[in-house]
$ cat model-v7.txt   # compact mmCIF, C-alpha atoms
# COMPACT_ATOMS: atom_id res chain seq x y z
CA MET U 26 -12.40 -7.62 -12.20
CA ARG U 27 -13.95 -8.62 -8.88
CA GLU U 28 -15.37 -5.57 -7.10
CA SER U 29 -14.40 -7.06 -3.72
CA ILE U 30 -10.74 -6.45 -4.57
CA LEU U 31 -11.45 -2.71 -4.47
CA THR U 32 -13.60 -2.72 -1.33
CA VAL U 33 -11.69 -0.92 1.42
CA PRO U 34 -13.24 -0.37 4.88
CA ILE U 35 -13.14 3.35 5.65
CA SER U 36 -12.06 2.60 9.22
CA GLU U 37 -8.97 0.84 7.83
CA ILE U 38 -7.97 4.15 6.25
CA PHE U 39 -8.81 6.69 8.95
CA GLU U 40 -8.19 4.95 12.28
CA PRO U 41 -4.38 4.70 12.00
CA LYS U 42 -4.20 8.52 11.71
CA CYS U 43 -1.10 8.34 9.56
CA GLY U 44 -0.56 10.74 6.64
CA CYS U 45 -3.22 11.89 4.22
CA PRO U 46 -6.08 9.35 4.42
CA ILE U 47 -7.12 9.92 0.81
CA CYS U 48 -3.58 9.27 -0.43
CA THR U 49 -3.54 6.10 1.68
CA MET U 50 -6.83 5.03 0.15
CA ARG U 51 -5.47 5.55 -3.35
CA GLU U 52 -2.25 3.65 -2.56
CA ILE U 53 -4.19 0.64 -1.23
CA LEU U 54 -6.38 0.54 -4.33
CA GLU U 55 -3.35 0.83 -6.61
CA LYS U 56 -1.45 -1.94 -4.79
CA ARG U 57 -4.44 -4.31 -4.85
CA THR U 58 -5.15 -3.68 -8.53
CA ILE U 59 -1.54 -4.23 -9.64
CA GLU U 60 -1.18 -7.40 -7.56
CA TYR U 61 -4.47 -8.68 -8.94
CA ILE U 62 -3.68 -8.24 -12.62
CA MET U 63 -0.11 -9.47 -12.25
CA GLY U 64 -1.41 -12.69 -10.72
CA ALA U 65 -3.80 -15.33 -12.03
CA ALA U 66 -6.30 -12.67 -13.12
CA MET U 67 -3.99 -11.93 -16.04
CA MET U 68 -5.47 -15.02 -17.72
CA GLU U 69 -9.11 -14.10 -17.06
CA PRO U 70 -10.72 -13.24 -20.44
CA ASP U 71 -12.69 -10.22 -19.17
CA VAL U 72 -9.58 -8.74 -17.55
CA ARG U 73 -7.45 -9.30 -20.63
CA MET U 74 -10.08 -7.66 -22.82
CA GLU U 75 -9.89 -4.53 -20.68
CA THR U 76 -6.09 -4.44 -20.46
CA ASN U 77 -5.87 -4.95 -24.23
CA ARG U 78 -8.21 -2.03 -24.76
CA LEU U 79 -6.91 0.38 -22.12
CA GLY U 80 -3.25 -0.48 -21.64
CA PHE U 81 -1.44 1.31 -18.80
CA CYS U 82 0.11 4.69 -18.06
CA ARG U 83 3.89 4.99 -17.64
CA ASN U 84 3.61 5.27 -13.86
CA HIS U 85 1.81 1.95 -13.58
CA TYR U 86 4.02 0.22 -16.15
CA ASP U 87 6.98 1.17 -13.94
CA LYS U 88 5.27 -0.27 -10.86
CA MET U 89 4.33 -3.44 -12.71
CA LEU U 90 7.95 -3.86 -13.79
CA LYS U 91 8.93 -4.01 -10.13
CA GLN U 92 6.71 -7.06 -9.62
CA LYS U 93 8.35 -10.47 -9.83
CA ASN U 94 6.16 -11.92 -12.58
CA ARG U 95 7.57 -10.35 -15.75
CA LEU U 96 5.90 -13.02 -17.90
CA SER U 97 2.45 -11.74 -16.91
CA LEU U 98 3.42 -8.25 -18.06
CA ALA U 99 4.94 -9.58 -21.29
CA LEU U 100 1.76 -11.51 -22.14
CA MET U 101 -0.39 -8.43 -21.50
CA LEU U 102 1.93 -6.32 -23.62
CA GLN U 103 1.79 -8.87 -26.43
CA THR U 104 -1.99 -8.77 -26.79
CA HIS U 105 -2.21 -5.02 -26.06
CA LEU U 106 0.27 -4.31 -28.86
CA GLU U 107 -1.80 -6.53 -31.13
CA THR U 108 -4.85 -4.40 -30.30
CA VAL U 109 -2.94 -1.17 -30.94
CA LYS U 110 -1.67 -2.51 -34.27
CA LYS U 111 -5.20 -3.40 -35.34
CA ASP U 112 -6.94 -0.26 -34.06
CA VAL U 113 -4.36 2.33 -35.12
CA PHE U 114 -2.23 0.99 -37.94
CA THR U 115 -4.34 -1.51 -39.87
CA LYS U 116 -6.81 -0.15 -42.40
CA LYS U 117 -10.20 -1.64 -41.68
CA GLY U 118 -11.99 -0.40 -44.75
CA LEU U 119 -11.75 1.72 -47.85
CA PHE U 120 -13.67 4.60 -46.30
CA GLU U 121 -11.99 4.73 -42.88
CA SER U 122 -10.88 8.31 -42.22
CA LYS U 123 -7.54 9.47 -40.89
CA SER U 124 -9.33 11.29 -38.09
CA LYS U 125 -10.86 8.05 -36.86
CA ARG U 126 -7.45 6.39 -36.67
CA GLN U 127 -6.08 9.50 -34.94
CA ARG U 128 -8.83 9.26 -32.33
CA ALA U 129 -7.97 5.61 -31.80
CA MET U 130 -4.31 6.50 -31.26
CA SER U 131 -5.28 9.26 -28.82
CA ALA U 132 -7.49 6.85 -26.88
CA HIS U 133 -4.65 4.34 -26.48
CA ASN U 134 -2.24 7.09 -25.43
CA SER U 135 -4.50 8.45 -22.69
CA SER U 136 -6.01 5.37 -21.03
CA CYS U 137 -4.82 3.11 -18.21
CA PHE U 138 -6.47 0.01 -16.74
CA VAL U 139 -5.14 0.65 -13.21
CA CYS U 140 -6.09 4.35 -13.23
CA SER U 141 -9.61 3.51 -14.41
CA LYS U 142 -10.10 0.99 -11.58
CA ILE U 143 -8.75 3.39 -8.98
CA ASP U 144 -11.05 6.18 -10.23
CA TRP U 145 -14.04 3.80 -10.21
CA ALA U 146 -13.37 2.70 -6.63
CA MET U 147 -12.52 6.20 -5.38
CA ASP U 148 -15.86 7.55 -6.62
CA ARG U 149 -17.69 4.94 -4.55
CA LEU U 150 -15.51 5.33 -1.48
CA MET U 151 -16.01 9.10 -1.50
CA VAL U 152 -19.78 8.56 -1.37
CA THR U 153 -19.24 6.42 1.74
CA VAL U 154 -16.96 9.03 3.34
CA PHE U 155 -19.55 11.77 2.80
CA ASP U 156 -22.36 9.58 4.12
CA MET U 157 -20.37 8.72 7.26
CA TYR U 158 -19.47 12.37 7.87
CA GLU U 159 -23.13 13.37 7.57
CA ASN U 160 -24.50 10.62 9.83
CA SER U 161 -21.80 9.73 12.36
CA LYS U 162 -20.51 12.08 15.06
CA ASP U 163 -17.74 9.59 15.80
CA PHE U 164 -16.54 9.70 12.21
CA ARG U 165 -16.65 13.51 12.16
CA GLN U 166 -14.41 13.47 15.20
CA LEU U 167 -12.12 10.87 13.61
CA PHE U 168 -11.92 12.94 10.42
CA SER U 169 -10.91 16.05 12.39
CA GLU U 170 -8.15 14.06 14.12
CA GLN U 171 -6.33 13.18 10.90
CA PRO U 172 -2.76 14.54 10.77
CA LEU U 173 -3.21 16.16 7.37
CA LEU U 174 -4.87 16.38 3.99
CA CYS U 175 -2.60 16.97 1.01
CA LEU U 176 -3.46 20.01 -1.07
CA PRO U 177 -4.87 18.19 -4.17
CA ASP U 178 -7.06 15.90 -2.04
CA CYS U 179 -8.30 18.83 0.03
CA GLU U 180 -9.47 20.50 -3.18
CA MET U 181 -11.01 17.27 -4.45
CA LEU U 182 -12.99 16.66 -1.24
CA ILE U 183 -14.28 20.23 -1.08
CA ASN U 184 -15.37 20.19 -4.74
CA LEU U 185 -17.12 16.82 -4.43
CA ALA U 186 -18.78 17.72 -1.14
CA ALA U 187 -20.44 20.74 -2.76
CA VAL U 188 -22.50 18.43 -4.99
CA ASN U 189 -22.66 15.22 -2.94
CA MET U 190 -23.35 16.28 0.66
CA ASP U 191 -26.27 17.79 2.52
CA LYS U 192 -25.97 21.56 2.06
CA LYS U 193 -26.23 22.07 5.81
CA ILE U 194 -23.13 19.91 6.41
CA VAL U 195 -20.97 21.26 3.58
CA PRO U 196 -19.64 24.36 5.44
CA ASP U 197 -18.55 22.27 8.44
CA PHE U 198 -16.90 19.67 6.19
CA THR U 199 -15.17 22.34 4.12
CA ASP U 200 -13.81 24.01 7.25
CA ALA U 201 -12.52 20.65 8.53
CA CYS U 202 -10.73 19.98 5.24
CA ARG U 203 -9.18 23.45 5.13
CA LYS U 204 -8.03 23.13 8.73
CA LEU U 205 -6.29 19.79 8.13
CA ALA U 206 -4.55 21.04 4.98
CA GLY U 207 -3.80 24.51 6.33
CA ASN U 208 -2.34 23.44 9.66
CA TYR U 209 -0.04 20.97 7.94
CA CYS U 210 1.01 23.62 5.42
CA ALA U 211 2.10 25.87 8.29
CA GLU U 212 3.97 22.98 9.90
CA LEU U 213 5.73 22.19 6.62
CA TYR U 214 6.71 25.81 6.15
CA ASP U 215 8.40 25.83 9.54
CA ASP U 216 10.20 22.53 8.85
CA VAL U 217 11.42 23.55 5.38
CA SER U 218 12.53 26.94 6.74
CA HIS U 219 14.42 25.18 9.52
CA PHE U 220 16.05 22.89 6.94
CA CYS U 221 17.23 25.91 4.95
CA SER U 222 18.58 27.61 8.07
CA MET U 223 20.73 24.58 8.92
CA PHE U 224 22.98 25.43 5.98
CA ASP U 225 24.05 28.61 7.74
CA TYR U 226 27.57 28.05 9.10
CA ARG U 227 26.40 29.23 12.53
CA ASN U 228 24.13 26.18 12.78
CA SER U 229 26.71 23.60 11.74
CA GLY U 230 28.52 21.18 13.99
CA GLU U 231 28.05 17.76 15.54
CA ASP U 232 25.34 18.98 17.89
CA ALA U 233 23.29 20.72 15.17
CA ASP U 234 19.57 20.36 15.85
CA TRP U 235 17.74 19.49 12.63
CA GLY U 236 14.47 18.89 14.45
CA ASN U 237 11.85 17.43 12.09
CA SER U 238 13.34 19.09 9.03
CA LYS U 239 15.47 16.34 7.49
CA ASP U 240 12.63 14.84 5.43
CA SER U 241 10.75 18.13 5.02
CA ILE U 242 11.51 18.36 1.29
CA GLU U 243 9.95 14.96 0.56
CA ARG U 244 6.96 15.69 2.80
CA ALA U 245 6.41 19.07 1.14
CA ILE U 246 6.43 17.52 -2.33
CA ASN U 247 3.94 14.85 -1.25
CA TYR U 248 1.70 17.52 0.28
CA LEU U 249 1.74 19.70 -2.83
CA THR U 250 1.26 16.91 -5.37
CA SER U 251 -0.31 14.00 -3.45
CA LYS U 252 1.12 10.48 -3.71
CA GLN U 253 0.04 9.42 -7.22

$ encode --input "model-v7.txt" --output "structure tokens"
Amino acid sequence: MRESILTVPISEIFEPKCGCPICTMREILEKRTIEYIMGAAMMEPDVRMETNRLGFCRNHYDKMLKQKNRLSLALMLQTHLETVKKDVFTKKGLFESKSKRQRAMSAHNSSCFVCSKIDWAMDRLMVTVFDMYENSKDFRQLFSEQPLLCLPDCEMLINLAAVNMDKKIVPDFTDACRKLAGNYCAELYDDVSHFCSMFDYRNSGEDADWGNSKDSIERAINYLTSKQ
């Protein structure tokens, strides 16, 4: 797979200041990867070798099903199933152990081509984010101006920063992450509480003021779980 497909300018993620930037980054990578493999790349030998070996998780199968080119998915399924049949269910030799076949089955059940590409690209993009935060005052300001960090991505950034950033910068970066996630958590609490209060008969009527609470349930779920 061409690495350029998974090259995303950091400014493209952070400058719009819309939602969790790390979730946005992951969504862009996912979209590009799915569109790539459902297109002409499906016939590239190196790509097919990887999809045959790794397969896909249920989440990404569902997203691939929503694409228009069902033939591409069928062809990938055909050769992936052939690989599964050979690796898991066909005896390769007299002395092959059951445990080896069990490991092969486990490997097929736990791998995904799209997830692996997203993880590969995210690792490299995080290095760039940390480098920019360390060396650019403008980016530090831009980072602090983000509307939120979801809870899982806040944890991920703090954990990675501890081993990938200059120790002098880590406390400032950690505080910035906690502030973005914590402020949004407080905002969500108010919105969800307001949503609940609107079911009190005293708040009903045509002029009922729902404020920003109508989509608070969806936003709270995204915050707590990230968009994956």

$ atom_distance --input "model-v7.txt" --atom1 "CA of Leu79 (chain U)" --atom2 "CA of Ala132 (chain U)"
8.1 Å

$ residues_around --input "model-v7.txt" --residues "Gly80 (chain U)" --least-positions-apart "6" --cutoff "12 Å" --atoms "only C-alpha atoms" --output "PyMOL selection string"
chain U and resi 62+72-74+86+98+101-109+130+132-141

$ write_last_selection --input "model-v7.txt" --atoms "C-alpha atoms" --output "compact mmCIF listing (two decimals), keeping the file's coordinate frame"
# COMPACT_ATOMS: atom_id res chain seq x y z
CA ILE U 62 -3.68 -8.24 -12.62
CA VAL U 72 -9.58 -8.74 -17.55
CA ARG U 73 -7.45 -9.30 -20.63
CA MET U 74 -10.08 -7.66 -22.82
CA TYR U 86 4.02 0.22 -16.15
CA LEU U 98 3.42 -8.25 -18.06
CA MET U 101 -0.39 -8.43 -21.50
CA LEU U 102 1.93 -6.32 -23.62
CA GLN U 103 1.79 -8.87 -26.43
CA THR U 104 -1.99 -8.77 -26.79
CA HIS U 105 -2.21 -5.02 -26.06
CA LEU U 106 0.27 -4.31 -28.86
CA GLU U 107 -1.80 -6.53 -31.13
CA THR U 108 -4.85 -4.40 -30.30
CA VAL U 109 -2.94 -1.17 -30.94
CA MET U 130 -4.31 6.50 -31.26
CA ALA U 132 -7.49 6.85 -26.88
CA HIS U 133 -4.65 4.34 -26.48
CA ASN U 134 -2.24 7.09 -25.43
CA SER U 135 -4.50 8.45 -22.69
CA SER U 136 -6.01 5.37 -21.03
CA CYS U 137 -4.82 3.11 -18.21
CA PHE U 138 -6.47 0.01 -16.74
CA VAL U 139 -5.14 0.65 -13.21
CA CYS U 140 -6.09 4.35 -13.23
CA SER U 141 -9.61 3.51 -14.41

$ residues_around --input "model-v7.txt" --residues "Met181 (chain U)" --least-positions-apart "6" --cutoff "12 Å" --atoms "all atoms listed in the file" --output "VMD selection string"
chain U and resid 47 to 48 147 to 148 151 174 to 175 187 to 189 199 202 to 203 251

$ residues_near_point --input "model-v7.txt" --point "(12.1, 26.1, 9.7)" --cutoff "12 Å" --atoms "all atoms listed in the file" --output "PyMOL selection string"
chain U and resi 211-224+234-239+241-242

$ closest_atom_pairs --input "model-v7.txt" --of "region 182-224 of chain U" --to "region 160-168 of chain U" --cutoff "12 Å" --atoms "only C-alpha atoms" --output "JSON lines"
{"residue": "U:Met190", "atom": "CA", "partner": "U:Asn160", "partner_atom": "CA", "distance": 10.8}
{"residue": "U:Asp191", "atom": "CA", "partner": "U:Asn160", "partner_atom": "CA", "distance": 10.4}
{"residue": "U:Ile194", "atom": "CA", "partner": "U:Asn160", "partner_atom": "CA", "distance": 10.0}
{"residue": "U:Asp197", "atom": "CA", "partner": "U:Arg165", "partner_atom": "CA", "distance": 9.7}
{"residue": "U:Phe198", "atom": "CA", "partner": "U:Arg165", "partner_atom": "CA", "distance": 8.6}
{"residue": "U:Thr199", "atom": "CA", "partner": "U:Phe168", "partner_atom": "CA", "distance": 11.8}
{"residue": "U:Asp200", "atom": "CA", "partner": "U:Phe168", "partner_atom": "CA", "distance": 11.7}
{"residue": "U:Ala201", "atom": "CA", "partner": "U:Phe168", "partner_atom": "CA", "distance": 8.0}
{"residue": "U:Cys202", "atom": "CA", "partner": "U:Phe168", "partner_atom": "CA", "distance": 8.8}
{"residue": "U:Lys204", "atom": "CA", "partner": "U:Phe168", "partner_atom": "CA", "distance": 11.0}
{"residue": "U:Leu205", "atom": "CA", "partner": "U:Phe168", "partner_atom": "CA", "distance": 9.2}

$ residues_near_point --input "model-v7.txt" --point "(-14.7, 3.1, -0.3)" --cutoff "9 Å" --atoms "all atoms listed in the file" --output "list in words"
Leu31, Thr32, Val33, Pro34, Ile35, Met50, Ala146, Met147, Asp148, Arg149, Leu150, Met151, Val152, Thr153 and Val154 of chain U

$ residues_around --input "model-v7.txt" --residues "Lys125 (chain U)" --least-positions-apart "4" --cutoff "10 Å" --atoms "all atoms listed in the file" --output "MDAnalysis selection string"
chainID U and resid 112:113 121 129:131

$ closest_residue --input "model-v7.txt" --among "U:Lys42, U:Lys93, U:Lys142, U:Lys111" --to "Arg57 (chain U)" --atoms "only C-alpha atoms"
U:Lys142

$ atom_distance --input "model-v7.txt" --atom1 "CA of Phe81 (chain U)" --atom2 "CA of Asn184 (chain U)"
27.4 Å

$ residues_around --input "model-v7.txt" --residues "Cys45 (chain U)" --least-positions-apart "6" --cutoff "12 Å" --atoms "all atoms listed in the file" --output "PDB file with C-alpha atoms, in the coordinates of the input"
ATOM      1  CA  ILE U  38      -7.970   4.150   6.250  1.00  0.00           C
ATOM      2  CA  PHE U  39      -8.810   6.690   8.950  1.00  0.00           C
ATOM      3  CA  ARG U  51      -5.470   5.550  -3.350  1.00  0.00           C
ATOM      4  CA  GLU U  52      -2.250   3.650  -2.560  1.00  0.00           C
ATOM      5  CA  PHE U 168     -11.920  12.940  10.420  1.00  0.00           C
ATOM      6  CA  SER U 169     -10.910  16.050  12.390  1.00  0.00           C
ATOM      7  CA  GLU U 170      -8.150  14.060  14.120  1.00  0.00           C
ATOM      8  CA  GLN U 171      -6.330  13.180  10.900  1.00  0.00           C
ATOM      9  CA  PRO U 172      -2.760  14.540  10.770  1.00  0.00           C
ATOM     10  CA  LEU U 173      -3.210  16.160   7.370  1.00  0.00           C
ATOM     11  CA  LEU U 174      -4.870  16.380   3.990  1.00  0.00           C
ATOM     12  CA  CYS U 175      -2.600  16.970   1.010  1.00  0.00           C
ATOM     13  CA  LEU U 176      -3.460  20.010  -1.070  1.00  0.00           C
ATOM     14  CA  PRO U 177      -4.870  18.190  -4.170  1.00  0.00           C
ATOM     15  CA  ASP U 178      -7.060  15.900  -2.040  1.00  0.00           C
ATOM     16  CA  CYS U 179      -8.300  18.830   0.030  1.00  0.00           C
ATOM     17  CA  CYS U 202     -10.730  19.980   5.240  1.00  0.00           C
ATOM     18  CA  LEU U 205      -6.290  19.790   8.130  1.00  0.00           C
ATOM     19  CA  ALA U 206      -4.550  21.040   4.980  1.00  0.00           C
ATOM     20  CA  TYR U 209      -0.040  20.970   7.940  1.00  0.00           C
ATOM     21  CA  ARG U 244       6.960  15.690   2.800  1.00  0.00           C
ATOM     22  CA  ASN U 247       3.940  14.850  -1.250  1.00  0.00           C
ATOM     23  CA  TYR U 248       1.700  17.520   0.280  1.00  0.00           C
ATOM     24  CA  LEU U 249       1.740  19.700  -2.830  1.00  0.00           C
ATOM     25  CA  THR U 250       1.260  16.910  -5.370  1.00  0.00           C
ATOM     26  CA  SER U 251      -0.310  14.000  -3.450  1.00  0.00           C
ATOM     27  CA  LYS U 252       1.120  10.480  -3.710  1.00  0.00           C
TER      28      LYS U 252
END

$ closest_residue --input "model-v7.txt" --among "U:Met157, U:Met63, U:Val195, U:Ile183" --to "Met89 (chain U)" --atoms "all atoms listed in the file"
U:Met63

$ axis_aligned_box --input "model-v7.txt" --around "region 46-59 of chain U" --padding-each-side "8 Å" --output "AutoDock Vina command-line options"
--center_x -4.3 --center_y 2.8 --center_z -2.6 --size_x 21.7 --size_y 30.2 --size_z 30.1

$ atom_distance --input "model-v7.txt" --atom1 "CA of Lys193 (chain U)" --atom2 "CA of Asp156 (chain U)"
13.2 Å

$ closest_residue --input "model-v7.txt" --among "U:Glu40, U:Asp225, U:Trp145, U:Ile59" --to "Asp87 (chain U)" --atoms "all atoms listed in the file"
U:Ile59

$ closest_residue --input "model-v7.txt" --among "U:Phe114, U:Glu75, U:Met67, U:Pro196" --to "Ala99 (chain U)" --atoms "only C-alpha atoms"
U:Met67

$ closest_residue --input "model-v7.txt" --among "U:Ser124, U:Ile143, U:Ser36, U:Gly44" --to "Thr58 (chain U)" --atoms "only C-alpha atoms"
U:Ile143
